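K.L.:
Next up is a structure, given as structure tokens.
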Amino acid sequence: MQSAPFNYRRLFIWLGRIVIAAVFIFAGLAKLIRWDMHPRPPIGIATSLFALQIDSYQMLRPWAVLQLARWLPSAEIGVGLLLLIGWRLRIWSTLVTLIIGGFFVAVVRAYTLHLDINCGCFAKPEPLTGMTVLRDGSLFLLAVLMTVFAFQEARKPHPWSAPAPAQPS
Amino acid sequence: MNRRLIFLSSATILAIAATGTLAKIHLVNASRVSTVSSAPSSSGSSTVSSPEANIAAASTIPVTGPVAAAPPAQKSTANAASRPAKSASSSSAAQATITVDGVKDIDPEKAFGNKNAAVVMETFTDFQCPACKQLYTTTVQRVTDNYVDTNKVYIVHRDFPLPMHAYSRIAASYSRAAAHIGKCDVVEQALFQNQEKWEMNGDVKGTVAAALSAADMKKVQALVDSGALEPLIDRDKQIGQAIPVNQTPTTIIHTRDGQSYPVVGYVSYDVLKTLLDQLVK
């Protein structure tokens, strides 16, 4: 058995999987558990508080805000775990890229419109600043690279699974 | 080709991360020296930038104040006409603040609903802020109709005039004076609904006069001229700064178990309703 050769694309894929999965799982749990609050509110109230943060972006209608607030934290945790596991990586990395792309668009829009709102990214009240835009931009770039490289790597046979070279008889 | 792309990408990510760190350092340094930002916000909501502003637009706000003995119950209704007109007293009125569920220094003339309600909702607004107008004319009105009038929520209107708005302080003065003769809603509604007009020409007095009878306007003018109610506006502002409120509108929802939930900026009624419904259960 031979080990996989050093490969920048694989490095990016691993980095992206670990960083983005950690960020997603942390963000999802933070929205549901609200460990910044004492006493911690029940999940229903935490979800409503997250809905208020989404609503402050003034991008969606109330029913969409409520649905997004209900499902996004669980989806973030689920997708984060799937990225860590690495199963069907191309599908989940594409989905993650789309989600982060959506966040990035929302944040850039709010920043350019000078909406003085909280980011809502990690539930804890955090004013939306240029730093938030840069952070989300970096994550988005990382997600795009991870996805592109995941597709490129998938075209090649994995060195561990490649057939051994034929022995001369 | 691929290797070049990879190097370029890594360099870009590192550059962005480095820029982000530098920007953060810059923001922290800037926040140390800034006092009150005078930059208007095109979105409508308005911001006060202060050293505290970056810390917690709203983490959980501890409610530490003792629950005071409730003064005689106030009538709960959004209809100003149905409220008894109150005499325009001077400095004694300015001192008569109450505490409800640990929320201190409430001017009872600017607070509505049942003091024993499950939820106390504090709104910090500036009369010249467009997002405050939006919040007042849509969300607050509906909350008043559906929660305050049904004794589920006790709502406290706090004045938070921002220095960047030329006429918001005088508008707050007229509103406060009107509240002390029992005409709070009429004047608040007139000020918010005609915001675009009086912020152009500064005719706050004319806007208020158009909403009141001549006799009421005389009382209101006397109160404004005496300056007796100014300490109440200053007190509201101090309370906001202590929280810290760093933009308007900011709404803080207090529950009887001592929990406080800050809501920053405009929020639609339908979304706020889901939270209130859970809290008033």
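Chain identifiers are assigned as A, B, and so on, following the order in which chains appear in the structure tokens; residues are numbered from 1 within each chain, and ligands are numbered from 1 in order of appearance.
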Might you pull out every residue within 12 Å of Leu128 of chain A, with only C-alpha atoms counted and same-chain residues fewer than 3 positions away left off, and present them as JSON, numbers by chain?

P.N.:
{"A": [53, 56, 57, 104, 106, 107, 108, 109, 110, 111, 112, 113, 114, 115, 116, 117, 118, 119, 120, 121, 122, 124, 125, 131, 132, 133, 134, 135, 136], "B": [53, 54, 56, 57, 264]}

K.L.:
Among segment 144-279 of chain B, which residues carry a DSSP assignment of strand (DSSP E or B), reported as a ChimeraX atom specification?

P.N.:
/B:153-159,247-248,250-255,260-264

K.L.:
Might you pull out every residue within 12 Å of Leu135 of chain B, with only C-alpha atoms counted and same-chain residues fewer than 3 positions away left off, and present them as a VMD selection string?

P.N.:
(chain A and resid 56) or (chain B and resid 44 to 45 123 to 127 129 to 132 138 to 143 189 192 to 193 248 to 251 263 to 269 272)

K.L.:
Name the closest residue to chain B among the candidates A:Ala75, A:Leu89, A:Met59, A:Val23; distances are taken between atoms, counting only C-alpha atoms.

P.N.:
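Of all the options, A:Met59 lies closest to chain B.
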
K.L.:
Can you pull out every residue within 10 Å of Asp225 of chain B, counting only C-alpha atoms, but drop anything in the same chain fewer than 6 positions away, and send it as a ChimeraX atom specification?

P.N.:
/B:173-174,177,219

K.L.:
Calculated over only C-alpha atoms, which of the candidates B:Ala96, B:Leu229, B:Leu279, B:Val271 has the smallest distance to Ala64 of chain A?

P.N.:
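Using only C-alpha atoms, Ala64 of chain A sits closest to B:Val271.
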
K.L.:
If we count only C-alpha atoms, what is near Arg70 of chain A at a cut-off of 12 Å, once residues fewer than 2 positions away on the same chain are taken out, given as a list in words?

P.N.:
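Skipping anything fewer than 2 positions along the chain leaves Gly28, Lys31, Leu32, Ile43, Gly44, Ile45, Ala46, Thr47, Ser48, Leu49, Phe50, Ala51, Leu52, Ile54, Trp63, Ala64, Val65, Leu66, Gln67, Leu68, Leu72, Pro73, Ser74, Ala75 and Glu76 of chain A; Thr274 of chain B.
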
K.L.:
Kindly export the residues of the current selection with C-alpha atoms, as a tab-separated table (two decimals), in the first residue's frame.

P.N.:
```tsv
chain	number	residue	atom	x	y	z
A	28	GLY	CA	-25.80	25.76	14.30
A	31	LYS	CA	-28.24	29.31	17.41
A	32	LEU	CA	-30.06	26.46	19.10
A	43	ILE	CA	-35.01	26.09	21.71
A	44	GLY	CA	-38.32	27.59	20.59
A	45	ILE	CA	-37.39	31.00	21.93
A	46	ALA	CA	-33.85	30.69	20.61
A	47	THR	CA	-35.32	30.00	17.18
A	48	SER	CA	-37.59	33.04	17.44
A	49	LEU	CA	-34.65	35.21	18.42
A	50	PHE	CA	-32.74	33.93	15.40
A	51	ALA	CA	-35.79	34.71	13.25
A	52	LEU	CA	-35.64	38.31	14.48
A	54	ILE	CA	-32.84	37.14	9.95
A	63	TRP	CA	-43.11	33.15	6.55
A	64	ALA	CA	-39.77	32.56	4.83
A	65	VAL	CA	-37.92	34.10	7.78
A	66	LEU	CA	-39.68	31.78	10.19
A	67	GLN	CA	-39.02	28.69	8.08
A	68	LEU	CA	-35.37	29.61	7.61
A	72	LEU	CA	-31.12	26.58	9.14
A	73	PRO	CA	-29.45	25.73	12.48
A	74	SER	CA	-30.17	22.00	12.09
A	75	ALA	CA	-29.11	22.11	8.44
A	76	GLU	CA	-25.84	23.77	9.41
B	274	THR	CA	-43.83	34.28	17.37
```

K.L.:
Taking only C-alpha atoms into account, which of B:Lys281, B:His165, B:Arg176, B:Arg235 comes nearest chain A?

P.N.:
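Using only C-alpha atoms, chain A sits closest to B:Lys281.
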
K.L.:
What gap, in Å, lies between atom CA of Ala150 of chain A and atom CA of Phe26 of chain A?

P.N.:
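Taking atom CA of Ala150 of chain A and atom CA of Phe26 of chain A, their separation equals 23.4 Å.
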
K.L.:
Return as an MDAnalysis selection string the full set of residues in chain A whose backbone-based DSSP assignment is helix (DSSP H, G or I).

P.N.:
chainID A and resid 8:33 43:55 62:85 89:112 130:155

K.L.:
For chain B, which residue among A:Ile100, A:Ala22, A:Leu60, A:Ile33 is the nearest when counting only C-alpha atoms?

P.N.:
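The closest residue to chain B is A:Leu60.
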